[in-house]
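Reading through the structure tokens given below for one structure.
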Amino acid sequence: MSEVSPTEMRDGELLAAVDLGSNSFHLVVARYEHGSLRLIDRLRDSVRMAMGLRPDGSLDAERRKRALECLARFGQRLRSLPPERVRAVATNSVRRLAHPQAFLLPAETALGHPIEVVAGREEARLIYLGVAHDLAKSSQRRLVVDIGGGSTEFIIGQGYDALETESVQMGCIASTLRFFEDGTFTQARWRQAQTEMELELQQFAADYRARGWGEAIGSSGTAKAIGNIVQANGWSDNGISATSLVRLRDAILAAGSVDNLRLAGLAEERAQVIAGGVAILEAIFTTFSLDHMGVCETAMREGLLYDMVGRAMHGDPRAGSIAALASRYAVERAQAARVHYAAIELFEQVADAWQLGALERDLLGWSADIHEIGLAIAHSLHHIHGAYIVAHSDLAGFSRQGQLALAAIIRSHRRKPDRDTIEALPERMRRPTRRLTALLRLAALLQRGRTTDPLPPLTLVADDRTLRLELPALWLDQHPLTRADLEQERNSFKNLDLKLQVRATETATA
């Protein structure tokens with residue numbers, strides 16, 4: 001599937017993260033040593049994917065070609081690393097594609113690894129994780145701002161925990177194209193940009209100010225580029241001050257066009273998109289009443305590395321997200337635990353035959369834990385309500401693909417399985433999702449009585465297209481409702497491309 005298996009990490013292991021940003025693609029490789037990470041390699045390519053996005057959600061051929069060539073180079077570097085130690089994540093530009101799979105399939109082939117698409121708030125969480133590990137430890141809250149190519153993320157965090165996360169559709173490339181498309185800078189255009197940006201930020205600014213923070217930090221390329229310029233020109237001694245930002249804006253307006261823009265510290269490749277980034281940062285300084293912003297070297301790619309370590313060392317944020325959903329929607333914990341136990345019991349018997357690993361085991365367990373959250377809305381069609389909740393919630397740690405797979409399993413755990421929700425997943429995820437759905441259906445059916453009675457001795461045997469469930473004949477005679485449910489399941493399993501066989505045994509088959 002799309003996320004790394006959380007096997008325990010050993011000293012000396014290499015791990016890598018790939019960040020498919022709207023402006024640049026990044027690859028970082030690190031070594032895990034004595035509980036911490038040491039970066040040993042970095043690759044970066046200014047792909048500027050956001051430049052190639054058309055209004056209809058398609059991607060122009062030139063940007064697509066550049067992206068795939070970059071990923072092929074990254075793939076060569078990653079060839080020696082085990083798949084479970086590599087995570088690749090795509091952000092705003094891929095989120096905005098009308099048909100993301102048309103890009104992701106060749107992109108994954110070029111890279112040699114699955115590519116997760118993360119929602120804006122998950123992107124923000126990963127950014128904060130990377131920043132927090134780079135800064136000195138502090139008990140105070142921090143405001144972290146990451147201006148990317150297509151979106152800007154805002155986080156208030158404390159320690160390593162993100163307390164508030166937001167993502168807005170304004171980035172250095174997108175804003176440059178929107179307000180300065182022809183490369184001309186005027187006072188009127190700048191005022192228009194400020195007005196529209198400040199209006200967008202006001203949607204959550206009051207809540208952020210109420211939370212409060214001790215210092216503001218800018219991460220990623222735009223903040224570093226602006227920091228380099230204001231310091232190279234002597235406008236700020238460290239970081240970015242409000243007055244230095246004003247001087248930079250005035251210098252851009254005085255140049256009048258990108259062709260005339262010459263500033264110490266401004267890299268040639270950054271000159272094309274710096275105006276949009278400065279306009280965004282000025283709107284942020286105004287809206288949040290900032291006097292100063294520090295600049296951090298780390299960003300989402302480093303956050304991905306630390307998230308991988310957390311998953312491997314029993315600190316998986318996805319488990320916390322599932323527990324929070326169960327609590328929020330008042331899931332009956334005892335019944336969820338019974339279904340969870342039954343599902344894992346079935347899983348263990350077919351995992352080898354179906355080539356299911358630790359990730360699939362976790363996904364099945366999480367599905368069991370929250371398969372009834374829809375009951376908080378209504379009993380009728382609660383599987384549909386539950387799937388909607390899962391698909392549209394902000395679940396820390398999950399990629400969009402992983403979250404939609406979870407929703408698909410919950411959607412199809414009862415009644416007629418919904419082929420469409422499963423077929424909408426990336427191709428590599430469809431078969432394991434169908435198989436996990438089958439296991440959850442059986443587990444929920446076997447625990448339909450909602451009693452503390454133990455499961456009967458059972459055997460589950462699988463091949464590519466068939467599941468054979470063996471249960472004691474005496475137990476089936478004592479549970480006629482379950483026998484009838486299992487008979488009906490045969491038709492339902494056809495929608496999962498599986499054949500269910502139920503066999504009564506005369507003796508217990510432990």
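So you can find residues: chains in the structure tokens are A, B, ... in the order shown, residues in each start at 1, and ligands are numbered from 1 in order.
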What lies within 6 Å of segment 11-20 of chain A using only C-alpha atoms, ignoring chain neighbours under 2 positions off, as a PDB file with C-alpha atoms, in the first residue's frame?
```pdb
ATOM      1  CA  PHE A  25      11.404  18.187  -5.435  1.00  0.00           C
ATOM      2  CA  HIS A  26      13.675  17.149  -2.552  1.00  0.00           C
ATOM      3  CA  LEU A  27      15.323  13.903  -1.492  1.00  0.00           C
ATOM      4  CA  VAL A  28      16.998  13.505   1.896  1.00  0.00           C
ATOM      5  CA  VAL A  29      18.803  10.402   3.142  1.00  0.00           C
ATOM      6  CA  ALA A  30      19.631   9.898   6.820  1.00  0.00           C
ATOM      7  CA  ARG A  31      21.209   7.297   9.069  1.00  0.00           C
ATOM      8  CA  TYR A  32      19.510   6.241  12.297  1.00  0.00           C
ATOM      9  CA  GLU A  33      22.100   6.324  15.078  1.00  0.00           C
ATOM     10  CA  ARG A  85      12.609   2.751   4.740  1.00  0.00           C
ATOM     11  CA  VAL A  86      11.511   5.090   1.964  1.00  0.00           C
ATOM     12  CA  ARG A  87       8.555   7.482   1.997  1.00  0.00           C
ATOM     13  CA  ALA A  88       7.583   9.763  -0.861  1.00  0.00           C
ATOM     14  CA  VAL A  89       4.933  12.444  -0.404  1.00  0.00           C
ATOM     15  CA  ALA A  90       3.204  14.756  -2.882  1.00  0.00           C
ATOM     16  CA  ARG A 301      11.104  16.212   4.207  1.00  0.00           C
TER      17      ARG A 301
END
```
Quick one: residues within 8 Å of Tyr128 of chain A, only C-alpha atoms counted, chain neighbours fewer than 4 positions away excluded, as a list of chain:residue names?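 Within the cut-off, the hits are A:Ala124, A:Ala132, A:Val144, A:Ile155, A:Gly157, A:Tyr160, A:Asp161, A:Ala162, A:Ala299, A:Met300, A:Gly303.
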Could you write out, as a VMD selection string, all the residues of segment 357-389 of chain A that DSSP marks as alpha helix (DSSP H)? chain A and resid 358 to 370 382 to 389
Show me, as a PyMOL selection string, the residues that have an atom within 9 Å of Asp463 of chain A when counting only C-alpha atoms, minus same-chain residues fewer than 2 positions from it. chain A and resi 350+353-354+461+465-468
Quick one: write out the picked residues with C-alpha atoms as a PDB file, in the first residue's frame?
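part_17.pdb was written with the following content:
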```pdb
ATOM      1  CA  VAL A 350      -4.305 -15.902   5.803  1.00  0.00           C
ATOM      2  CA  ALA A 353      -1.150 -16.823   1.611  1.00  0.00           C
ATOM      3  CA  TRP A 354      -2.382 -13.328   0.756  1.00  0.00           C
ATOM      4  CA  VAL A 461      -7.741 -20.919   4.436  1.00  0.00           C
ATOM      5  CA  ARG A 465      -9.736 -16.019  -5.211  1.00  0.00           C
ATOM      6  CA  THR A 466     -11.184 -18.157  -2.416  1.00  0.00           C
ATOM      7  CA  LEU A 467     -11.694 -18.056   1.342  1.00  0.00           C
ATOM      8  CA  ARG A 468     -12.658 -21.308   3.070  1.00  0.00           C
TER       9      ARG A 468
END
```
Quick one: residues within 8 Å of Thr165 of chain A, only C-alpha atoms counted, chain neighbours fewer than 5 positions away excluded, as a PDB file with N, CA and C atoms, in the first residue's frame?
```
ATOM      1  N   ARG A 121      -3.433  19.809   5.985  1.00  0.00           N
ATOM      2  CA  ARG A 121      -3.174  19.800   7.427  1.00  0.00           C
ATOM      3  C   ARG A 121      -2.173  18.718   7.821  1.00  0.00           C
ATOM      4  N   ALA A 124       1.068  20.178   7.031  1.00  0.00           N
ATOM      5  CA  ALA A 124       1.452  21.109   8.096  1.00  0.00           C
ATOM      6  C   ALA A 124       2.028  20.363   9.300  1.00  0.00           C
ATOM      7  N   ARG A 125       1.417  19.251   9.666  1.00  0.00           N
ATOM      8  CA  ARG A 125       1.927  18.474  10.811  1.00  0.00           C
ATOM      9  C   ARG A 125       3.345  17.978  10.545  1.00  0.00           C
ATOM     10  N   GLU A 153       1.373  26.727   4.717  1.00  0.00           N
ATOM     11  CA  GLU A 153       0.927  26.031   5.923  1.00  0.00           C
ATOM     12  C   GLU A 153       1.263  26.845   7.167  1.00  0.00           C
ATOM     13  N   PHE A 154       0.328  26.827   8.119  1.00  0.00           N
ATOM     14  CA  PHE A 154       0.483  27.541   9.389  1.00  0.00           C
ATOM     15  C   PHE A 154       0.293  26.545  10.522  1.00  0.00           C
ATOM     16  N   ILE A 155       1.209  26.560  11.461  1.00  0.00           N
ATOM     17  CA  ILE A 155       1.141  25.636  12.592  1.00  0.00           C
ATOM     18  C   ILE A 155       1.477  26.376  13.870  1.00  0.00           C
ATOM     19  N   ILE A 156       0.681  26.152  14.900  1.00  0.00           N
ATOM     20  CA  ILE A 156       1.103  26.520  16.255  1.00  0.00           C
ATOM     21  C   ILE A 156       1.429  25.217  16.957  1.00  0.00           C
TER      22      ILE A 156
END
```
Contact residues around Gly52 of chain A with only C-alpha atoms at 9 Å, ignoring same-chain residues under 4 positions, as a list in words: Arg48, Ser58, Leu59, Asp60, Ala61, Glu62, Arg63 and Arg64 of chain A
Excluding Tyr329 of chain A and any residue of its chain fewer than 3 positions from it, enumerate the residues within 8 Å of it, using only C-alpha atoms, and give them as a list in words.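 The contact residues come out as Leu325, Ala326, Ile373, Gly374 and Ala376 of chain A.
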With C-alpha atoms kept, could you save the residues just selected as a CSV table (one decimal), in the first residue's frame?
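As a result, out.csv now contains:
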```
chain,number,residue,atom,x,y,z
A,325,LEU,CA,-12.2,9.3,16.3
A,326,ALA,CA,-13.4,6.4,18.5
A,373,ILE,CA,-18.6,5.3,14.2
A,374,GLY,CA,-21.5,5.9,11.8
A,376,ALA,CA,-23.3,8.3,16.1
```
Which residue gives the smallest distance to Gly277 of chain A among A:Gln401, A:Gly148, A:Asp237, A:Gln194, with only C-alpha atoms counted? A:Gly148
With only C-alpha atoms as the basis for distance, which of A:Arg189, A:Arg42, A:Lys416, A:Arg96 is at the shortest distance from Arg54 of chain A?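 Nearest to Arg54 of chain A: A:Arg96.
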Identify which of the residues A:Gln403, A:Val278, A:Lys499, A:Asn233 lies closest to Leu253 of chain A, counting only C-alpha atoms when measuring atom-to-atom distances.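 Answer, going by the shortest atom-to-atom distance: A:Val278.
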Kindly provide the residues of segment 326-426 of chain A that approach segment 314-321 of chain A to within 6 Å, each paired with its closest atom pair and their distance in Å to one decimal, based on only C-alpha atoms, listed by chain and increasing number, as a tab-separated table.
```
residue	atom	partner	partner_atom	distance
A:Leu395	CA	A:Ser321	CA	5.5
A:Ala396	CA	A:Ser321	CA	5.9
A:Gly397	CA	A:Arg318	CA	4.8
```
Do you know which residues are at most 12 Å from Glu181 of chain A counting only C-alpha atoms, after dropping those on the same chain fewer than 4 positions away, and could you put them as a list in words? Met51, Cys172, Ile173, Ala174, Ser175, Thr176, Leu177, Phe185, Thr186, Arg189, Ser257, Val258, Gln272, Val273, Ala275 and Gly276 of chain A
Can you measure atom CA of Met49 of chain A to atom CA of Glu116 of chain A for me? One decimal in Å is fine. 16.5 Å
What are the closest atom pairs, with distances in Å to one decimal, for each residue of segment 127-183 of chain A lying within 9 Å of segment 200-208 of chain A, using only C-alpha atoms, rows by chain and rising residue number, as JSON lines?
```
{"residue": "A:Leu143", "atom": "CA", "partner": "A:Tyr208", "partner_atom": "CA", "distance": 8.8}
{"residue": "A:Ile155", "atom": "CA", "partner": "A:Tyr208", "partner_atom": "CA", "distance": 8.9}
{"residue": "A:Ile156", "atom": "CA", "partner": "A:Tyr208", "partner_atom": "CA", "distance": 7.5}
{"residue": "A:Glu164", "atom": "CA", "partner": "A:Tyr208", "partner_atom": "CA", "distance": 7.7}
{"residue": "A:Glu166", "atom": "CA", "partner": "A:Phe204", "partner_atom": "CA", "distance": 8.1}
{"residue": "A:Val168", "atom": "CA", "partner": "A:Glu200", "partner_atom": "CA", "distance": 7.7}
{"residue": "A:Gln169", "atom": "CA", "partner": "A:Glu200", "partner_atom": "CA", "distance": 8.9}
```
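You will find atom CA of Leu458 of chain A at 12.3 Å from atom CA of Phe347 of chain A.
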Counting only C-alpha atoms, which of A:Met9, A:Ala438, A:Leu281, A:Leu305 gets nearest to Ile127 of chain A? A:Leu305
Which of A:Gln355, A:Ser399, A:Asn238, A:Gln501 sits closest to Pro114 of chain A [using only C-alpha atoms]: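 Looking only at the distances to Pro114 of chain A, the closest residue turns out to be A:Ser399.
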Taken to one decimal, the atom CA of Ala107 of chain A-atom CA of Leu71 of chain A distance is 6.8 Å
